[in-house]
>>> print(open('input-v7.cif').read())   # mmCIF, C-alpha atoms
data_run
loop_
_atom_site.group_PDB
_atom_site.id
_atom_site.type_symbol
_atom_site.label_atom_id
_atom_site.label_comp_id
_atom_site.auth_asym_id
_atom_site.auth_seq_id
_atom_site.Cartn_x
_atom_site.Cartn_y
_atom_site.Cartn_z
ATOM 1 C CA MET A 1 130.592 94.333 129.973
ATOM 2 C CA GLY A 2 133.220 94.589 127.255
ATOM 3 C CA TYR A 3 136.391 96.568 127.704
ATOM 4 C CA ILE A 4 136.930 97.278 123.992
ATOM 5 C CA ASN A 5 134.440 99.190 121.866
ATOM 6 C CA ILE A 6 134.959 99.516 118.116
ATOM 7 C CA THR A 7 133.476 102.945 117.435
ATOM 8 C CA ASN A 8 134.017 103.305 113.675
ATOM 9 C CA ILE A 9 135.377 101.465 110.656
ATOM 10 C CA LYS A 10 135.853 103.702 107.648
ATOM 11 C CA PHE A 11 136.862 102.552 104.169
ATOM 12 C CA GLU A 12 139.194 104.861 102.280
ATOM 13 C CA GLY A 13 137.836 104.958 98.754
ATOM 14 C CA ASN A 14 135.003 103.054 97.193
ATOM 15 C CA ASN A 15 134.308 102.058 93.597
ATOM 16 C CA GLU A 16 137.898 100.885 93.339
ATOM 17 C CA LYS A 17 139.352 98.433 90.863
ATOM 18 C CA ILE A 18 139.266 94.929 92.288
ATOM 19 C CA THR A 19 143.068 94.810 92.274
ATOM 20 C CA GLN A 20 143.289 97.701 94.780
ATOM 21 C CA ASP A 21 143.862 97.030 98.477
ATOM 22 C CA PHE A 22 141.069 97.644 100.940
ATOM 23 C CA VAL A 23 142.217 100.453 103.250
ATOM 24 C CA LEU A 24 140.389 100.788 106.547
ATOM 25 C CA GLU A 25 140.680 103.350 109.302
ATOM 26 C CA ILE A 26 139.590 101.770 112.563
ATOM 27 C CA ASN A 27 138.665 103.753 115.663
ATOM 28 C CA LEU A 28 138.182 102.055 118.988
ATOM 29 C CA GLU A 29 138.171 102.802 122.650
ATOM 30 C CA SER A 30 139.537 100.755 125.485
ATOM 31 C CA LEU A 31 137.979 101.115 128.907
ATOM 32 C CA LYS A 32 141.195 99.906 130.529
ATOM 33 C CA GLU A 33 144.783 99.213 129.557
ATOM 34 C CA ILE A 34 144.862 95.753 128.025
ATOM 35 C CA ASN A 35 147.927 93.526 127.938
ATOM 36 C CA LYS A 36 146.267 90.608 126.183
ATOM 37 C CA GLU A 37 146.538 89.439 122.583
ATOM 38 C CA ILE A 38 143.926 91.107 120.374
ATOM 39 C CA SER A 39 143.691 89.803 116.820
ATOM 40 C CA TRP A 40 141.827 91.203 113.836
ATOM 41 C CA LYS A 41 140.857 89.037 110.893
ATOM 42 C CA CYS A 42 139.445 90.124 107.527
ATOM 43 C CA ILE A 43 137.535 87.430 105.621
ATOM 44 C CA PHE A 44 136.108 87.502 102.091
ATOM 45 C CA ILE A 45 132.941 85.409 101.832
ATOM 46 C CA SER A 46 131.861 84.684 98.283
ATOM 47 C CA ASP A 47 129.418 81.869 99.061
ATOM 48 C CA PRO A 48 127.525 81.933 102.369
ATOM 49 C CA ASP A 49 126.677 78.228 101.966
ATOM 50 C CA GLN A 50 130.296 77.057 101.573
ATOM 51 C CA ASP A 51 132.720 78.023 104.355
ATOM 52 C CA SER A 52 135.466 76.202 102.472
ATOM 53 C CA ASN A 53 135.431 79.001 99.870
ATOM 54 C CA ASP A 54 136.059 81.761 102.438
ATOM 55 C CA GLN A 55 139.370 83.586 102.057
ATOM 56 C CA VAL A 56 141.194 85.056 105.039
ATOM 57 C CA LEU A 57 142.641 88.181 103.444
ATOM 58 C CA ASP A 58 144.689 89.366 106.398
ATOM 59 C CA GLU A 59 145.175 88.947 110.116
ATOM 60 C CA ILE A 60 146.930 91.319 112.469
ATOM 61 C CA VAL A 61 147.763 90.926 116.152
ATOM 62 C CA MET A 62 148.070 93.578 118.839
ATOM 63 C CA ASN A 63 149.896 92.575 122.005
ATOM 64 C CA SER A 64 148.432 95.412 124.051
ATOM 65 C CA LEU A 65 146.014 98.312 123.870
ATOM 66 C CA SER A 66 146.272 101.635 125.695
ATOM 67 C CA TYR A 67 143.467 102.993 127.826
ATOM 68 C CA GLY A 68 141.294 105.511 125.959
ATOM 69 C CA LYS A 69 140.734 106.251 122.299
ATOM 70 C CA ASN A 70 142.883 104.424 119.745
ATOM 71 C CA ASN A 71 142.967 104.198 115.974
ATOM 72 C CA PHE A 72 144.957 102.566 113.225
ATOM 73 C CA GLU A 73 144.977 102.135 109.465
ATOM 74 C CA TRP A 74 144.810 98.661 107.954
ATOM 75 C CA ALA A 75 145.676 97.901 104.319
ATOM 76 C CA ILE A 76 144.300 94.543 103.192
ATOM 77 C CA SER A 77 145.104 92.764 99.944
ATOM 78 C CA PRO A 78 142.133 91.997 97.692
ATOM 79 C CA PRO A 79 140.718 88.477 97.359
ATOM 80 C CA ASP A 80 142.169 85.967 94.941
ATOM 81 C CA TYR A 81 139.281 85.864 92.488
ATOM 82 C CA SER A 82 140.793 82.890 90.690
ATOM 83 C CA LYS A 83 139.660 80.825 93.704
ATOM 84 C CA LEU A 84 135.983 81.423 92.926
ATOM 85 C CA VAL A 85 134.285 78.152 92.005
ATOM 86 C CA ASN A 86 132.485 79.919 89.167
ATOM 87 C CA PRO A 87 134.230 83.096 87.966
ATOM 88 C CA PHE A 88 130.874 84.701 87.170
ATOM 89 C CA ASP A 89 130.045 84.540 90.895
ATOM 90 C CA ILE A 90 132.020 87.768 91.070
ATOM 91 C CA PHE A 91 128.823 89.509 89.985
ATOM 92 C CA ASP A 92 126.830 88.061 92.904
ATOM 93 C CA THR A 93 126.789 89.838 96.244
ATOM 94 C CA SER A 94 129.595 88.835 98.585
ATOM 95 C CA LEU A 95 130.698 89.852 102.083
ATOM 96 C CA LEU A 96 133.767 91.361 103.662
ATOM 97 C CA MET A 97 133.818 90.421 107.356
ATOM 98 C CA ILE A 98 135.988 91.869 110.104
ATOM 99 C CA VAL A 99 136.251 89.678 113.218
ATOM 100 C CA VAL A 100 138.037 90.782 116.405
ATOM 101 C CA TYR A 101 139.283 88.338 119.039
ATOM 102 C CA ILE A 102 140.792 88.694 122.474
ATOM 103 C CA GLU A 103 142.714 85.637 123.687
ATOM 104 C CA ASN A 104 141.128 83.634 120.804
ATOM 105 C CA GLN A 105 137.558 84.587 121.788
ATOM 106 C CA ALA A 106 135.578 86.455 119.113
ATOM 107 C CA PHE A 107 133.820 89.477 120.611
ATOM 108 C CA PHE A 108 133.069 91.660 117.565
ATOM 109 C CA ARG A 109 131.976 90.891 114.015
ATOM 110 C CA CYS A 110 131.196 93.451 111.318
ATOM 111 C CA SER A 111 130.219 92.531 107.758
ATOM 112 C CA TYR A 112 129.892 94.686 104.665
ATOM 113 C CA LEU A 113 128.083 93.773 101.468
ATOM 114 C CA LEU A 114 130.260 93.882 98.352
ATOM 115 C CA SER A 115 129.069 94.108 94.798
ATOM 116 C CA HIS A 116 131.174 93.980 91.659
ATOM 117 C CA GLU A 117 130.363 95.393 88.265
ATOM 118 C CA TYR A 118 131.978 96.554 85.078
ATOM 119 C CA ASP A 119 133.343 100.081 85.008
ATOM 120 C CA SER A 120 131.641 101.109 81.758
ATOM 121 C CA GLU A 121 128.009 101.233 80.661
ATOM 122 C CA GLU A 122 128.924 99.412 77.457
ATOM 123 C CA LEU A 123 130.255 96.374 79.354
ATOM 124 C CA LYS A 124 127.330 96.490 81.800
ATOM 125 C CA ASP A 125 124.798 96.535 78.963
ATOM 126 C CA SER A 126 126.554 93.864 76.886
ATOM 127 C CA PRO A 127 128.672 91.712 79.198
ATOM 128 C CA PRO A 128 131.388 89.790 77.375
ATOM 129 C CA GLU A 129 131.378 85.987 77.376
ATOM 130 C CA LYS A 130 134.768 85.993 79.067
ATOM 131 C CA ILE A 131 135.212 88.149 82.153
ATOM 132 C CA GLU A 132 137.321 91.259 81.604
ATOM 133 C CA TRP A 133 138.888 91.429 85.071
ATOM 134 C CA ASP A 134 140.694 94.716 84.361
ATOM 135 C CA HIS A 135 137.345 96.463 83.988
ATOM 136 C CA ILE A 136 135.664 95.309 87.186
ATOM 137 C CA ILE A 137 135.171 97.631 90.137
ATOM 138 C CA ARG A 138 133.918 96.806 93.615
ATOM 139 C CA LYS A 139 131.367 98.733 95.607
ATOM 140 C CA ILE A 140 131.309 98.432 99.378
ATOM 141 C CA LYS A 141 127.976 99.105 101.061
ATOM 142 C CA THR A 142 129.287 100.950 104.121
ATOM 143 C CA ASP A 143 126.091 102.684 105.222
ATOM 144 C CA ASN A 144 124.491 99.662 106.871
ATOM 145 C CA PRO A 145 127.028 97.102 108.133
ATOM 146 C CA ILE A 146 125.892 93.909 109.834
ATOM 147 C CA ILE A 147 127.320 94.099 113.363
ATOM 148 C CA SER A 148 127.399 91.340 115.974
ATOM 149 C CA ILE A 149 128.691 91.791 119.500
ATOM 150 C CA CYS A 150 129.558 88.405 120.986
ATOM 151 C CA ASP A 151 129.164 87.868 124.706
ATOM 152 C CA ILE A 152 132.398 86.650 126.272
ATOM 153 C CA ASN A 153 133.484 86.451 129.893
ATOM 154 C CA TRP A 154 135.599 89.601 130.124
ATOM 155 C CA ASP A 155 136.020 89.236 133.887
ATOM 156 C CA SER A 156 137.774 85.884 133.497
ATOM 157 C CA LEU A 157 140.243 87.548 131.119
ATOM 158 C CA PHE A 158 141.029 90.247 133.642
ATOM 159 C CA ASN A 159 141.064 88.347 136.909
ATOM 160 C CA THR A 160 141.620 90.866 139.699
ATOM 161 C CA GLU A 161 142.498 88.174 142.236
ATOM 162 C CA GLY A 162 145.326 89.420 144.411
ATOM 163 C CA ASN A 163 144.608 93.013 143.394
ATOM 164 C CA THR A 164 142.003 93.804 146.020
ATOM 165 C CA LEU A 165 141.520 97.178 147.591
ATOM 166 C CA LEU A 166 139.383 96.834 150.694
ATOM 167 C CA ILE A 167 137.238 99.449 152.307
ATOM 168 C CA ASP A 168 137.168 98.361 155.939
ATOM 169 C CA ASN A 169 137.524 101.575 157.848
ATOM 170 C CA ILE A 170 134.002 102.893 157.264
ATOM 171 C CA GLU A 171 131.158 103.019 159.784
ATOM 172 C CA ASP A 172 128.414 102.047 157.294
ATOM 173 C CA HIS A 173 128.296 98.218 157.439
ATOM 174 C CA ARG A 174 127.194 97.966 153.766
ATOM 175 C CA PHE A 175 130.637 99.113 152.648
ATOM 176 C CA GLN A 176 132.822 97.295 155.140
ATOM 177 C CA ASN A 177 135.106 94.641 153.607
ATOM 178 C CA PHE A 178 134.084 95.698 150.115
ATOM 179 C CA ASP A 179 136.552 95.209 147.243
ATOM 180 C CA ILE A 180 136.162 98.330 145.103
ATOM 181 C CA LEU A 181 138.135 96.821 142.182
ATOM 182 C CA SER A 182 135.846 93.836 141.716
ATOM 183 C CA GLY A 183 132.675 95.227 143.279
ATOM 184 C CA ASN A 184 132.389 92.197 145.570
ATOM 185 C CA GLN A 185 131.570 92.008 149.258
ATOM 186 C CA LEU A 186 134.281 89.974 151.042
#
>>> encode(input="input-v7.cif", output="structure tokens")
Amino acid sequence: MGYINITNIKFEGNNEKITQDFVLEINLESLKEINKEISWKCIFISDPDQDSNDQVLDEIVMNSLSYGKNNFEWAISPPDYSKLVNPFDIFDTSLLMIVVYIENQAFFRCSYLLSHEYDSEELKDSPPEKIEWDHIIRKIKTDNPIISICDINWDSLFNTEGNTLLIDNIEDHRFQNFDILSGNQL
């Protein structure tokens, strides 16, 4: 069972110019106080067949997380479109992926489809031979993200060894010498 649940990722604004930052509001809940390193990585994927073209747009690290509901805002710089192998690939569908790690183990992945287009009907109908970057907007498909929850060994991260609380003063033998923190019979 995971101790961190990402409950919502909301993008502030859509149909923005491609030079604008991505601004995300992230809501999560922690089922216990966590004093482990939690890192968040945002990756732009322009070509699913070539990992070498992926761009890590930003990475943030939290050193702890309070028990209960938490939220934060994350401003992320846009991709460097000059790194596209073919500049016209900007008009193909791409991905924006958020990956969350605890102690370098990925446990959550959420991807959003991105599309880019010109901001005027005239440019859409008659695209210029040379890309007019100042007139391109991005659209983020936020209504159906691709979410993966990765199975990691949470218990090994939060070893309760030495923190046992025994129930040994009870008449029912099923609960004698039972560690209520770990749920194990001793």
>>> residues_around(input="input-v7.cif", residues="Asp151 of chain A", least_positions_apart="6", cutoff="12 Å", atoms="all atoms listed in the file", output="list in words")
Met1, Gly2, Tyr3, Tyr101, Ile102, Gln105, Ala106, Phe107, Phe108 and Arg109 of chain A
>>> closest_atom_pairs(input="input-v7.cif", of="segment 33-118 of chain A", to="segment 138-142 of chain A", cutoff="7 Å", atoms="all atoms listed in the file", output="CSV")
residue,atom,partner,partner_atom,distance
A:Tyr112,CA,A:Lys141,CA,6.0
A:Leu113,CA,A:Lys141,CA,5.3
A:Leu114,CA,A:Ile140,CA,4.8
A:Ser115,CA,A:Lys139,CA,5.2
A:His116,CA,A:Arg138,CA,4.4
A:Glu117,CA,A:Arg138,CA,6.6
>>> residues_around(input="input-v7.cif", residues="Phe88 of chain A", least_positions_apart="3", cutoff="8 Å", atoms="all atoms listed in the file", output="list in words")
Phe91, Asp92 and Ile131 of chain A
>>> write_last_selection(input="input-v7.cif", atoms="C-alpha atoms", output="JSON list (two decimals), in the coordinates of the input")
[["chain", "number", "residue", "atom", "x", "y", "z"],
["A", 91, "PHE", "CA", 128.82, 89.51, 89.98],
["A", 92, "ASP", "CA", 126.83, 88.06, 92.90],
["A", 131, "ILE", "CA", 135.21, 88.15, 82.15]]
>>> resolve_selection(input="input-v7.cif", expression="the PyMOL selection byres ((chain A and resi 9-18) around 7)", output="ChimeraX atom specification")
/A:8,19-20,23-27,78,136-140
>>> atom_distance(input="input-v7.cif", atom1="atom CA of Glu59 of chain A", atom2="atom CA of Asn104 of chain A")
12.6 Å
>>> resolve_selection(input="input-v7.cif", expression="the PyMOL selection byres ((chain A and resi 79) around 9)", output="PyMOL selection string")
chain A and resi 18-19+43-44+55-57+77-78+80-83
>>> resolve_selection(input="input-v7.cif", expression="the PyMOL selection byres ((chain A and resi 36) around 7)", output="ChimeraX atom specification")
/A:34-35,37-38,63-64,102-103
>>> atom_distance(input="input-v7.cif", atom1="atom CA of Thr7 of chain A", atom2="atom CA of Asp47 of chain A")
28.3 Å
>>> closest_residue(input="input-v7.cif", among="A:Trp133, A:Trp74, A:Phe158, A:Tyr118", to="Trp40 of chain A", atoms="all atoms listed in the file")
A:Trp74
>>> closest_residue(input="input-v7.cif", among="A:Leu65, A:Ser111, A:Trp154, A:Asp125", to="Val99 of chain A", atoms="all atoms listed in the file")
A:Ser111
>>> atom_distance(input="input-v7.cif", atom1="atom CA of Leu96 of chain A", atom2="atom CA of Ser46 of chain A")
8.8 Å
>>> closest_residue(input="input-v7.cif", among="A:Cys110, A:Leu31, A:Ile76, A:Ser52", to="Met97 of chain A", atoms="only C-alpha atoms")
A:Cys110
>>> closest_residue(input="input-v7.cif", among="A:Glu33, A:Val61, A:Thr93, A:Val100", to="Ile6 of chain A", atoms="only C-alpha atoms")
A:Val100
>>> closest_residue(input="input-v7.cif", among="A:Ser148, A:Asp58, A:Glu122, A:Ile90", to="Asp21 of chain A", atoms="all atoms listed in the file")
A:Asp58
>>> closest_residue(input="input-v7.cif", among="A:Phe72, A:Ser156, A:Pro145, A:Ser94", to="Asp49 of chain A", atoms="all atoms listed in the file")
A:Ser94
>>> axis_aligned_box(input="input-v7.cif", around="segment 90-97 of chain A", padding_each_side="4 Å", output="AutoDock Vina command-line options")
--center_x 130.3 --center_y 89.6 --center_z 98.7 --size_x 15.0 --size_y 11.6 --size_z 25.4
